[in-house]
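Raw start.cif, mmCIF, C-alpha atoms:
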```cif
data_coords
loop_
_atom_site.label_atom_id
_atom_site.label_comp_id
_atom_site.auth_asym_id
_atom_site.auth_seq_id
_atom_site.Cartn_x
_atom_site.Cartn_y
_atom_site.Cartn_z
CA MET A 16 -25.43 25.31 -15.49
CA CYS A 17 -26.21 21.65 -16.14
CA GLY A 18 -24.42 21.81 -19.46
CA GLU A 19 -21.27 22.92 -17.64
CA LEU A 20 -21.42 20.54 -14.72
CA TRP A 21 -22.35 17.33 -16.48
CA GLU A 22 -20.45 15.55 -19.19
CA GLY A 23 -22.33 14.64 -22.35
CA SER A 24 -25.37 16.65 -21.35
CA THR A 25 -28.11 16.61 -23.98
CA LEU A 26 -31.78 17.49 -23.99
CA GLY A 27 -33.87 14.56 -22.89
CA SER A 28 -30.89 12.61 -21.53
CA ASP A 29 -31.01 10.77 -18.24
CA MET A 30 -29.19 12.98 -15.76
CA GLY A 31 -28.64 10.04 -13.42
CA SER A 32 -26.46 8.28 -16.00
CA GLN A 33 -24.06 11.16 -16.58
CA LYS A 34 -20.78 11.91 -14.88
CA PRO A 35 -20.14 15.32 -13.30
CA ARG A 36 -16.96 17.18 -14.13
CA ILE A 37 -14.98 17.47 -10.91
CA LEU A 38 -13.60 20.97 -11.47
CA PRO A 39 -16.78 22.79 -12.55
CA TRP A 40 -18.67 20.92 -9.83
CA LEU A 41 -16.11 21.95 -7.22
CA VAL A 42 -16.13 25.56 -8.37
CA SER A 43 -19.91 25.62 -7.99
CA GLN A 44 -19.58 24.35 -4.42
CA LEU A 45 -16.99 27.02 -3.66
CA ASP A 46 -19.17 29.74 -5.15
CA GLU A 47 -22.26 28.61 -3.25
CA GLY A 48 -20.37 28.40 0.06
CA GLN A 49 -22.80 25.89 1.57
CA LEU A 50 -20.20 23.32 2.71
CA GLU A 51 -18.43 24.05 5.99
CA GLY A 52 -14.78 25.01 5.52
CA VAL A 53 -14.89 24.80 1.71
CA ALA A 54 -14.08 28.33 0.60
CA TRP A 55 -12.14 30.60 -1.74
CA LEU A 56 -9.10 32.27 -0.19
CA ASP A 57 -8.71 35.18 -2.62
CA GLN A 58 -10.88 37.44 -4.75
CA SER A 59 -9.34 36.13 -7.96
CA ARG A 60 -10.83 32.71 -7.17
CA ARG A 61 -7.50 31.00 -7.64
CA ARG A 62 -6.75 29.50 -4.20
CA PHE A 63 -9.22 27.58 -2.07
CA ARG A 64 -9.27 25.41 1.02
CA ILE A 65 -10.74 21.96 1.72
CA PRO A 66 -11.24 20.61 5.27
CA TRP A 67 -9.10 17.51 5.80
CA LYS A 68 -9.86 16.20 9.27
CA HIS A 69 -9.09 12.63 10.30
CA GLY A 70 -12.17 10.43 10.57
CA LEU A 71 -11.72 9.44 14.23
CA ARG A 72 -10.75 12.73 15.81
CA GLN A 73 -12.79 13.48 18.91
CA ASP A 74 -13.96 16.79 17.45
CA ALA A 75 -15.01 15.27 14.12
CA GLN A 76 -18.34 16.57 12.84
CA GLN A 77 -20.44 15.71 9.81
CA GLU A 78 -19.59 19.07 8.26
CA ASP A 79 -15.90 18.21 8.23
CA PHE A 80 -16.51 15.51 5.61
CA GLY A 81 -19.32 17.15 3.68
CA ILE A 82 -17.26 17.78 0.53
CA PHE A 83 -16.21 14.12 0.26
CA GLN A 84 -19.73 12.78 0.74
CA ALA A 85 -21.16 15.42 -1.62
CA TRP A 86 -18.75 14.38 -4.39
CA ALA A 87 -19.48 10.70 -3.76
CA GLU A 88 -23.19 11.37 -4.13
CA ALA A 89 -22.83 13.67 -7.14
CA SER A 90 -20.60 11.22 -8.98
CA GLY A 91 -22.86 8.25 -8.29
CA ALA A 92 -20.43 6.46 -6.00
CA TYR A 93 -22.74 6.67 -3.00
CA THR A 94 -26.50 6.74 -2.50
CA PRO A 95 -27.66 7.41 1.09
CA GLY A 96 -29.88 4.67 2.40
CA ARG A 97 -28.69 2.20 -0.21
CA ASP A 98 -24.90 2.11 0.01
CA ARG A 99 -22.75 1.65 3.06
CA PRO A 100 -20.85 4.81 4.11
CA ASP A 101 -17.16 4.53 3.24
CA LEU A 102 -15.31 7.68 4.28
CA PRO A 103 -11.79 6.44 3.41
CA THR A 104 -12.88 5.62 -0.14
CA TRP A 105 -14.76 8.91 -0.56
CA LYS A 106 -11.71 10.82 0.61
CA ARG A 107 -9.32 8.84 -1.57
CA ASN A 108 -11.46 9.20 -4.68
CA PHE A 109 -11.85 12.94 -4.15
CA ARG A 110 -8.11 13.44 -3.66
CA SER A 111 -7.23 11.22 -6.61
CA ALA A 112 -9.66 13.11 -8.85
CA LEU A 113 -8.03 16.43 -7.95
CA ASN A 114 -4.50 15.05 -8.28
CA ARG A 115 -5.18 14.05 -11.89
CA LYS A 116 -5.91 17.65 -12.91
CA GLU A 117 -2.92 19.40 -14.48
CA VAL A 118 -4.56 22.80 -14.00
CA LEU A 119 -4.66 22.27 -10.24
CA ARG A 120 -1.94 21.74 -7.66
CA LEU A 121 -1.70 21.21 -3.91
CA ALA A 122 -0.23 24.46 -2.58
CA GLU A 123 -0.12 23.68 1.16
CA ASP A 124 -0.82 20.55 3.17
CA ARG A 125 -2.08 21.51 6.61
CA SER A 126 -3.94 18.26 7.22
CA LYS A 127 -1.94 17.65 10.42
CA ASP A 128 -2.87 21.00 11.96
CA PRO A 129 -4.33 20.07 15.38
CA HIS A 130 -6.81 22.96 15.35
CA ASP A 131 -7.79 23.41 11.71
CA PRO A 132 -6.69 20.50 9.49
CA HIS A 133 -7.13 21.41 5.84
CA LYS A 134 -5.45 21.51 2.44
CA ILE A 135 -5.00 24.49 0.17
CA TYR A 136 -5.21 24.02 -3.58
CA GLU A 137 -4.64 26.55 -6.33
CA PHE A 138 -5.19 26.77 -10.05
CA VAL A 139 -1.92 27.06 -11.94
CA ASN A 140 -3.45 29.66 -14.27
CA SER A 141 -4.26 33.16 -13.15
CA ALA A 142 -7.91 32.53 -12.35
CA VAL A 143 -10.50 29.81 -12.23
CA GLY A 144 -12.10 30.86 -15.49
CA ASP A 145 -8.90 30.24 -17.43
CA PHE A 146 -8.75 26.46 -17.11
CA PRO A 147 -10.26 24.24 -19.80
CA GLU A 148 -13.09 21.96 -18.76
CA LEU A 149 -11.26 18.69 -19.20
CA GLU A 150 -12.41 15.47 -17.59
CA THR A 151 -12.03 11.78 -18.04
CA SER A 152 -14.83 10.23 -20.04
CA PRO A 153 -17.51 7.89 -18.72
CA ASP A 154 -17.18 4.17 -19.09
CA THR A 155 -18.61 2.25 -22.00
CA ASN A 156 -22.06 2.21 -20.45
CA GLY A 157 -22.13 5.97 -20.08
CA ARG A 158 -22.16 5.69 -16.28
CA PHE A 159 -19.60 7.06 -13.90
CA ASN A 160 -17.10 4.54 -12.66
CA THR A 161 -17.67 4.81 -8.93
CA SER A 162 -14.20 3.78 -7.76
CA ASP A 163 -10.66 4.69 -8.69
CA THR A 164 -8.85 2.42 -11.10
CA GLN A 165 -6.20 0.13 -9.63
CA GLU A 166 -3.54 2.31 -11.25
CA ASP A 167 -4.86 5.39 -9.45
CA ILE A 168 -4.78 3.63 -6.10
CA LEU A 169 -1.25 2.31 -6.61
CA GLU A 170 0.05 5.68 -7.80
CA GLU A 171 -1.49 7.48 -4.85
CA LEU A 172 -0.26 4.94 -2.34
CA LEU A 173 3.29 4.98 -3.69
CA ASN A 174 3.35 8.79 -3.69
CA ASP A 175 2.05 9.01 -0.14
CA MET A 176 4.30 6.39 1.47
CA ALA A 177 6.99 8.59 3.06
CA LEU A 178 8.73 7.90 6.35
CA GLY A 179 8.87 10.52 9.07
CA SER A 180 7.45 11.07 12.51
CA VAL A 181 4.47 9.01 13.57
CA PRO A 182 1.29 11.16 13.58
CA ASP A 183 -0.86 11.39 16.67
CA GLU A 184 -3.90 10.42 14.68
CA GLY A 185 -4.97 6.83 14.38
CA ALA A 186 -6.97 4.72 11.99
CA SER A 187 -9.62 6.37 9.88
CA SER A 188 -12.19 3.65 10.41
CA LEU A 189 -12.32 0.90 12.99
CA ALA A 190 -10.59 0.38 16.32
CA VAL A 191 -9.06 -2.73 17.82
CA ALA A 192 -10.32 -4.47 20.96
CA PRO A 193 -10.16 -4.51 23.92
CA GLU A 194 -9.53 -0.81 24.68
CA TYR A 195 -12.05 0.45 22.16
CA PRO A 196 -15.37 -0.86 20.87
CA PRO A 197 -14.78 -3.26 17.95
CA GLN A 198 -17.65 -2.01 15.80
CA LEU A 199 -17.82 1.11 13.69
CA LEU A 200 -19.75 3.78 15.56
CA LEU A 201 -22.30 5.74 13.54
CA SER A 202 -23.70 9.05 14.71
CA PRO A 203 -27.51 9.10 14.84
CA ASN A 204 -28.97 10.18 11.51
CA LEU A 205 -25.48 10.76 10.08
CA ASP A 206 -23.56 8.93 7.39
CA ILE A 207 -20.09 9.40 8.90
CA PRO A 208 -18.23 7.54 11.63
CA ALA A 209 -18.66 9.09 15.05
CA PRO A 210 -15.58 9.90 17.14
CA TYR A 211 -14.76 7.66 20.08
CA PRO A 212 -16.07 9.25 23.27
CA ASN A 213 -13.61 10.38 25.94
CA SER A 214 -10.59 8.80 24.27
CA ALA A 215 -7.89 9.47 21.74
CA PRO A 216 -8.14 7.69 18.38
CA PRO A 217 -6.36 4.31 18.36
CA GLU A 218 -3.20 3.94 16.34
CA ASN A 219 -3.36 1.70 13.29
CA PRO A 220 -1.30 -1.35 14.33
CA LEU A 221 -0.42 -2.16 10.71
CA LYS A 222 1.69 1.01 10.54
CA GLN A 223 4.35 -0.97 12.40
CA LEU A 224 5.15 -2.50 9.02
CA LEU A 225 6.86 0.76 8.03
CA MET A 226 8.48 1.78 11.29
CA PRO A 227 12.29 1.76 10.96
CA GLN A 228 12.73 0.62 14.57
CA ASP A 229 10.56 -2.47 14.00
CA ASP A 230 12.41 -5.30 12.27
CA TRP A 231 10.79 -7.73 9.89
CA GLU A 232 11.25 -11.46 10.33
CA PHE A 233 12.57 -13.46 7.36
CA GLU A 234 12.33 -17.18 6.67
CA VAL A 235 15.28 -18.32 4.54
CA THR A 236 15.26 -21.70 2.77
CA ALA A 237 18.05 -23.00 0.52
CA PHE A 238 17.88 -25.76 -2.12
CA TYR A 239 20.73 -27.58 -3.87
CA ARG A 240 19.50 -29.28 -7.04
CA GLY A 241 15.92 -29.04 -5.73
CA ARG A 242 16.74 -30.62 -2.36
CA GLN A 243 16.09 -28.53 0.74
CA VAL A 244 19.34 -28.26 2.66
CA PHE A 245 18.73 -25.32 4.98
CA GLN A 246 15.98 -23.30 6.65
CA GLN A 247 16.26 -20.55 9.24
CA THR A 248 13.93 -17.83 10.56
CA VAL A 249 15.65 -14.68 11.75
CA PHE A 250 15.11 -11.04 12.68
CA CYS A 251 17.72 -8.95 10.88
CA PRO A 252 17.91 -5.34 12.13
CA ARG A 253 20.33 -4.30 9.38
CA GLY A 254 19.22 -6.78 6.75
CA LEU A 255 20.67 -10.16 5.88
CA ARG A 256 23.49 -11.46 3.67
CA LEU A 257 23.45 -14.89 2.05
CA VAL A 258 27.05 -16.05 2.14
CA GLY A 259 29.04 -19.21 1.28
CA SER A 260 30.49 -21.69 3.68
CA GLU A 261 33.55 -19.48 4.19
CA GLY A 262 31.27 -16.90 5.83
CA GLY A 263 32.24 -13.96 3.64
CA ASP A 264 33.40 -10.58 4.94
CA ARG A 265 31.82 -10.20 8.35
CA THR A 266 32.69 -6.51 8.50
CA LEU A 267 29.97 -5.81 5.94
CA PRO A 268 26.52 -4.69 7.16
CA GLY A 269 23.72 -7.20 7.52
CA GLN A 270 23.47 -10.46 9.41
CA PRO A 271 25.33 -13.22 7.53
CA ILE A 272 23.25 -16.31 6.75
CA THR A 273 25.73 -19.06 5.90
CA LEU A 274 24.59 -21.57 3.29
CA PRO A 275 25.76 -25.11 4.15
CA ASP A 276 28.56 -27.07 2.55
CA PRO A 277 27.11 -29.24 -0.25
CA GLY A 278 29.24 -32.26 0.73
CA ALA A 279 26.73 -33.39 3.33
CA PHE A 280 23.78 -33.31 0.93
CA LEU A 281 24.89 -34.16 -2.61
CA ALA A 282 26.33 -37.53 -3.65
CA ASP A 283 27.27 -36.50 -7.17
CA ARG A 284 30.84 -35.21 -7.09
CA ALA A 285 30.47 -32.92 -10.08
CA ALA A 286 27.34 -31.35 -8.60
CA LYS A 287 29.11 -30.79 -5.28
CA ASP A 288 32.00 -29.07 -7.03
CA TYR A 289 29.71 -26.78 -9.03
CA VAL A 290 27.68 -25.80 -5.95
CA SER A 291 30.90 -25.08 -4.05
CA ARG A 292 32.03 -22.78 -6.87
CA VAL A 293 28.72 -20.90 -6.73
CA LEU A 294 28.98 -20.46 -2.96
CA SER A 295 32.56 -19.26 -3.28
CA GLY A 296 31.47 -16.75 -5.90
CA LEU A 297 29.05 -15.12 -3.48
CA GLY A 298 31.97 -13.26 -1.96
CA GLY A 299 30.58 -10.72 0.46
CA GLY A 300 27.18 -12.23 -0.07
CA LEU A 301 23.78 -11.45 -1.50
CA ALA A 302 22.45 -8.60 0.64
CA LEU A 303 18.72 -8.08 1.29
CA TRP A 304 17.45 -5.28 3.50
CA ARG A 305 14.43 -3.08 4.15
CA GLU A 306 14.13 0.64 3.48
CA GLY A 307 10.74 1.84 4.64
CA GLN A 308 8.15 0.14 2.46
CA ARG A 309 10.75 -1.26 0.05
CA LEU A 310 12.97 -4.32 0.09
CA CYS A 311 16.30 -3.86 -1.66
CA ALA A 312 18.91 -6.35 -2.85
CA GLN A 313 22.52 -6.15 -4.00
CA ARG A 314 25.19 -8.74 -4.72
CA LEU A 315 28.56 -8.17 -3.10
CA GLY A 316 30.46 -10.79 -5.10
CA PRO A 317 31.07 -11.90 -8.70
CA CYS A 318 28.31 -14.55 -8.69
CA HIS A 319 25.39 -13.43 -10.90
CA THR A 320 21.99 -13.84 -9.27
CA TYR A 321 18.50 -13.59 -10.77
CA TRP A 322 15.34 -13.05 -8.78
CA ALA A 323 11.56 -13.30 -9.10
CA VAL A 324 8.51 -13.08 -6.87
CA GLY A 325 6.59 -16.34 -7.00
CA GLU A 326 4.49 -18.78 -5.04
CA GLU A 327 5.75 -20.05 -1.71
CA LEU A 328 5.85 -23.71 -2.81
CA LEU A 329 7.71 -23.12 -6.07
CA PRO A 330 9.04 -20.29 -8.21
CA ASP A 331 7.09 -19.23 -11.27
CA SER A 332 9.44 -20.70 -13.87
CA GLY A 333 6.97 -20.25 -16.71
CA HIS A 334 8.42 -16.87 -17.57
CA GLY A 335 11.70 -15.04 -17.16
CA PRO A 336 13.01 -13.53 -13.93
CA ASP A 337 11.80 -10.21 -12.58
CA GLY A 338 15.38 -9.03 -12.78
CA GLU A 339 19.05 -9.56 -11.98
CA VAL A 340 20.37 -8.45 -8.62
CA PRO A 341 22.72 -5.52 -9.37
CA LYS A 342 26.31 -5.45 -8.18
CA GLU A 343 27.32 -1.79 -8.23
CA THR A 344 24.14 -0.36 -6.74
CA GLU A 345 21.05 -1.41 -4.80
CA GLY A 346 17.96 -2.66 -6.59
CA SER A 347 14.37 -2.64 -5.36
CA VAL A 348 12.70 -6.07 -5.35
CA PHE A 349 9.52 -5.24 -3.43
CA ASN A 350 7.23 -2.37 -2.50
CA LEU A 351 4.59 -2.66 0.19
CA GLY A 352 2.28 -0.27 -1.67
CA PRO A 353 1.20 -2.55 -4.54
CA PHE A 354 1.04 -5.48 -2.11
CA VAL A 355 -1.44 -3.69 0.16
CA ALA A 356 -3.51 -2.52 -2.82
CA ASP A 357 -3.59 -6.08 -4.22
CA LEU A 358 -4.49 -7.42 -0.78
CA ILE A 359 -7.49 -5.07 -0.55
CA ALA A 360 -8.59 -6.12 -4.04
CA PHE A 361 -8.24 -9.78 -3.02
CA ILE A 362 -10.39 -9.23 0.07
CA ASN A 363 -13.00 -7.53 -2.11
CA GLY A 364 -12.99 -10.54 -4.42
CA SER A 365 -11.67 -8.65 -7.42
CA GLY A 366 -8.10 -9.91 -7.62
CA ARG A 367 -5.76 -12.84 -7.05
CA SER A 368 -3.85 -13.23 -3.81
CA PRO A 369 -0.71 -11.06 -3.86
CA ARG A 370 2.67 -12.77 -3.96
CA TYR A 371 5.29 -12.26 -1.30
CA THR A 372 7.91 -15.02 -1.78
CA PHE A 373 11.30 -14.08 -3.23
CA TRP A 374 13.26 -16.67 -5.17
CA PHE A 375 16.93 -16.22 -6.02
CA CYS A 376 18.76 -18.33 -8.60
CA MET A 377 22.52 -18.11 -7.98
CA GLY A 378 25.29 -18.64 -10.49
CA GLU A 379 23.00 -19.68 -13.35
CA SER A 380 20.33 -18.25 -15.59
CA TRP A 381 16.73 -18.28 -14.39
CA PRO A 382 15.00 -21.68 -14.81
CA GLN A 383 12.64 -20.46 -17.50
CA HIS A 384 12.87 -23.46 -19.81
CA GLN A 385 13.74 -26.23 -17.36
CA PRO A 386 12.57 -27.44 -13.92
CA TRP A 387 13.87 -25.24 -11.12
CA THR A 388 14.95 -28.38 -9.28
CA LYS A 389 17.76 -28.76 -11.84
CA LYS A 390 19.41 -25.54 -10.71
CA LEU A 391 22.46 -25.76 -8.50
CA VAL A 392 21.48 -23.18 -5.84
CA MET A 393 18.02 -21.71 -5.30
CA VAL A 394 17.20 -19.66 -2.22
CA LYS A 395 13.71 -18.72 -1.06
CA VAL A 396 13.16 -15.74 1.26
CA VAL A 397 9.77 -15.11 2.86
CA PRO A 398 9.01 -11.96 4.89
CA THR A 399 6.74 -13.68 7.39
CA CYS A 400 4.77 -10.50 8.07
CA LEU A 401 3.51 -10.57 4.47
CA ARG A 402 2.53 -14.21 4.81
CA ALA A 403 0.61 -13.33 8.00
CA LEU A 404 -1.23 -10.48 6.27
CA LEU A 405 -2.41 -12.77 3.48
CA GLU A 406 -3.41 -15.56 5.88
CA MET A 407 -5.46 -13.05 7.86
CA ALA A 408 -7.21 -11.98 4.65
CA ARG A 409 -8.04 -15.59 3.79
CA VAL A 410 -9.30 -16.52 7.25
CA GLY A 411 -11.22 -13.27 7.72
CA GLY A 412 -13.06 -13.72 4.45
CA ALA A 413 -14.69 -16.90 5.75
CA SER A 414 -15.70 -15.59 9.17
CA SER A 415 -17.01 -12.44 10.81
CA LEU A 416 -15.53 -13.44 14.15
CA GLU A 417 -12.31 -12.06 15.56
CA ASN A 418 -9.14 -13.72 14.35
CA THR A 419 -5.68 -13.41 15.85
CA VAL A 420 -2.75 -12.38 13.69
CA ASP A 421 0.91 -12.15 14.60
CA LEU A 422 2.68 -9.64 12.36
CA HIS A 423 6.06 -11.27 13.01
CA ILE A 424 7.62 -7.87 13.60
CA SER A 425 9.91 -7.07 16.50
CA ASN A 426 8.15 -5.30 19.39
CA SER A 427 4.70 -6.29 18.04
CA GLN A 428 1.97 -8.15 19.91
CA PRO A 429 -0.64 -10.52 18.43
CA LEU A 430 -3.74 -8.66 17.27
CA SER A 431 -7.36 -9.77 17.52
CA LEU A 432 -9.30 -8.29 14.62
CA THR A 433 -12.55 -8.91 12.82
CA SER A 434 -12.41 -9.02 9.05
CA GLU A 435 -14.03 -5.57 8.88
CA GLN A 436 -11.47 -4.10 11.27
CA TYR A 437 -8.64 -5.65 9.29
CA LYS A 438 -9.92 -4.28 6.01
CA ALA A 439 -10.39 -0.85 7.57
CA TYR A 440 -6.79 -0.77 8.78
CA LEU A 441 -5.53 -1.80 5.34
CA GLN A 442 -7.61 0.96 3.76
CA ASP A 443 -6.20 3.38 6.30
CA LEU A 444 -2.70 2.58 5.05
CA VAL A 445 -3.85 3.51 1.55
CA GLU A 446 -5.84 6.55 2.57
CA ASP A 447 -3.53 8.16 5.12
CA MET A 448 0.09 7.13 4.55
CA ASP A 449 1.85 10.13 6.12
CA PHE A 450 4.44 8.62 8.44
#
```
Is it possible to give me this structure as structure tokens?
Amino acid sequence: MCGELWEGSTLGSDMGSQKPRILPWLVSQLDEGQLEGVAWLDQSRRRFRIPWKHGLRQDAQQEDFGIFQAWAEASGAYTPGRDRPDLPTWKRNFRSALNRKEVLRLAEDRSKDPHDPHKIYEFVNSAVGDFPELETSPDTNGRFNTSDTQEDILEELLNDMALGSVPDEGASSLAVAPEYPPQLLLSPNLDIPAPYPNSAPPENPLKQLLMPQDDWEFEVTAFYRGRQVFQQTVFCPRGLRLVGSEGGDRTLPGQPITLPDPGAFLADRAAKDYVSRVLSGLGGGLALWREGQRLCAQRLGPCHTYWAVGEELLPDSGHGPDGEVPKETEGSVFNLGPFVADLIAFINGSGRSPRYTFWFCMGESWPQHQPWTKKLVMVKVVPTCLRALLEMARVGGASSLENTVDLHISNSQPLSLTSEQYKAYLQDLVEDMDF
């Protein structure tokens, strides 16, 4: 059996340095029937079920998460007594490993069932014995890579981010004070989080970032020839439109943000005339709005506009733009999924701080080969909730005390979180993004 379950198995090899194959390993668990709720559903051994209970449900038991911990231990990602229990990561890695198998598909998702949350998978071939034993190879050291690659995390997060009704379940790790204890509760002699006694699980407050009824706040700053001429912070329920001094067509959706007349800021007559022509060419404006986890942009006039995500103090003019804002259709300029994944990597010390500042160059090509301060009209747009998320990550990394963060979202209240709570809520967005 070892030759089937372990990759690269040879006589005399060190079993601890080899990676198990997820499918043969899983089949062995199903055949043995030792894990609660992990079972075949038909005699042909084609369909099977996996318990999929939320980590903070009141009725959560160790057996509900046995398959995730067992795979973490078998694959080398977790050693009891040495490593810290990390249920969200175990669950994510297990799901990602199954999702990468072409011979397997998710048949039914019953993870929101209040009485028996589980998922049903099935082999696409007629029976379990028909699938080839394919698996990704170990890393260059022959050891199993204990965490998903960044690409796996991003792909899973992007696939799972879908808007809908808000689930009754809350975060899969830590709660927020003062209604619930701020520390992670561990059951005696168990490696899983214990449910909160006599209370419903708390809702993850960061999920407000995706709620359609909660508006993001935007800070808009305009520059003429590198000189700041305008700054305004606004909540825009239907998005915003950057328009010229004429105001544009006010019947269009989105709150108009009128850029000022250049006459009060520029002494050079030619420069004033050119800026005025750019503003006039905006027509109906440059529209920017939110759709779930995405930010979209579209130009409603003849003025060409290029955009890029850069630093808050200056655009990254060392390379070309990220794209041109389309005229005939909407274009996506941001997705919260990669940002959250990069933020988690930054907190873990394995990545740079994610960028969140959008720069728009209007009426001219992107300042790739010249200082951006030479451009006639540059506009910077900052979703202040993203700035707050990054600031919380930076402050929390230097202290284990509670820090207060204002998400800058309508209907939100300031949150007091420890760095561990904050990280747990971010991981919850990655692990359980069913809105």
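Between Glu234 of chain A and the candidates A:Val392, A:Ala439, A:Val397, A:Ala286, the tightest atom-to-atom separation, counting all atoms listed in the file, involves A:Val397.
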Legend entry - Of the listed residues A:Asn426, A:Gln76, A:Thr320, A:Gln243, that which approaches Ser380 of chain A most closely, counting only C-alpha atoms: A:Thr320
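Take the candidates A:Ser59, A:Phe80, A:Pro66, A:Glu137 and check each one against Arg125 of chain A using all atoms listed in the file; the shortest distance goes to A:Pro66.
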Legend entry - Picked residues, the PyMOL selection byres ((chain A and resi 93) around 12), as number ranges by chain: A: 83-92, 94-102, 104-105, 108, 159-162, 206
Extending 5 Å beyond the listed atoms of segment 52-59 of chain A on each side, what axis-aligned box results? I want centre and edge lengths in Å to one decimal, as JSON.
```
{"center_x": -11.8, "center_y": 31.1, "center_z": -1.2, "size_x": 16.2, "size_y": 22.6, "size_z": 23.5}
```
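Note that atom CA of Leu274 of chain A and atom CA of Thr236 of chain A are 9.3 Å apart.
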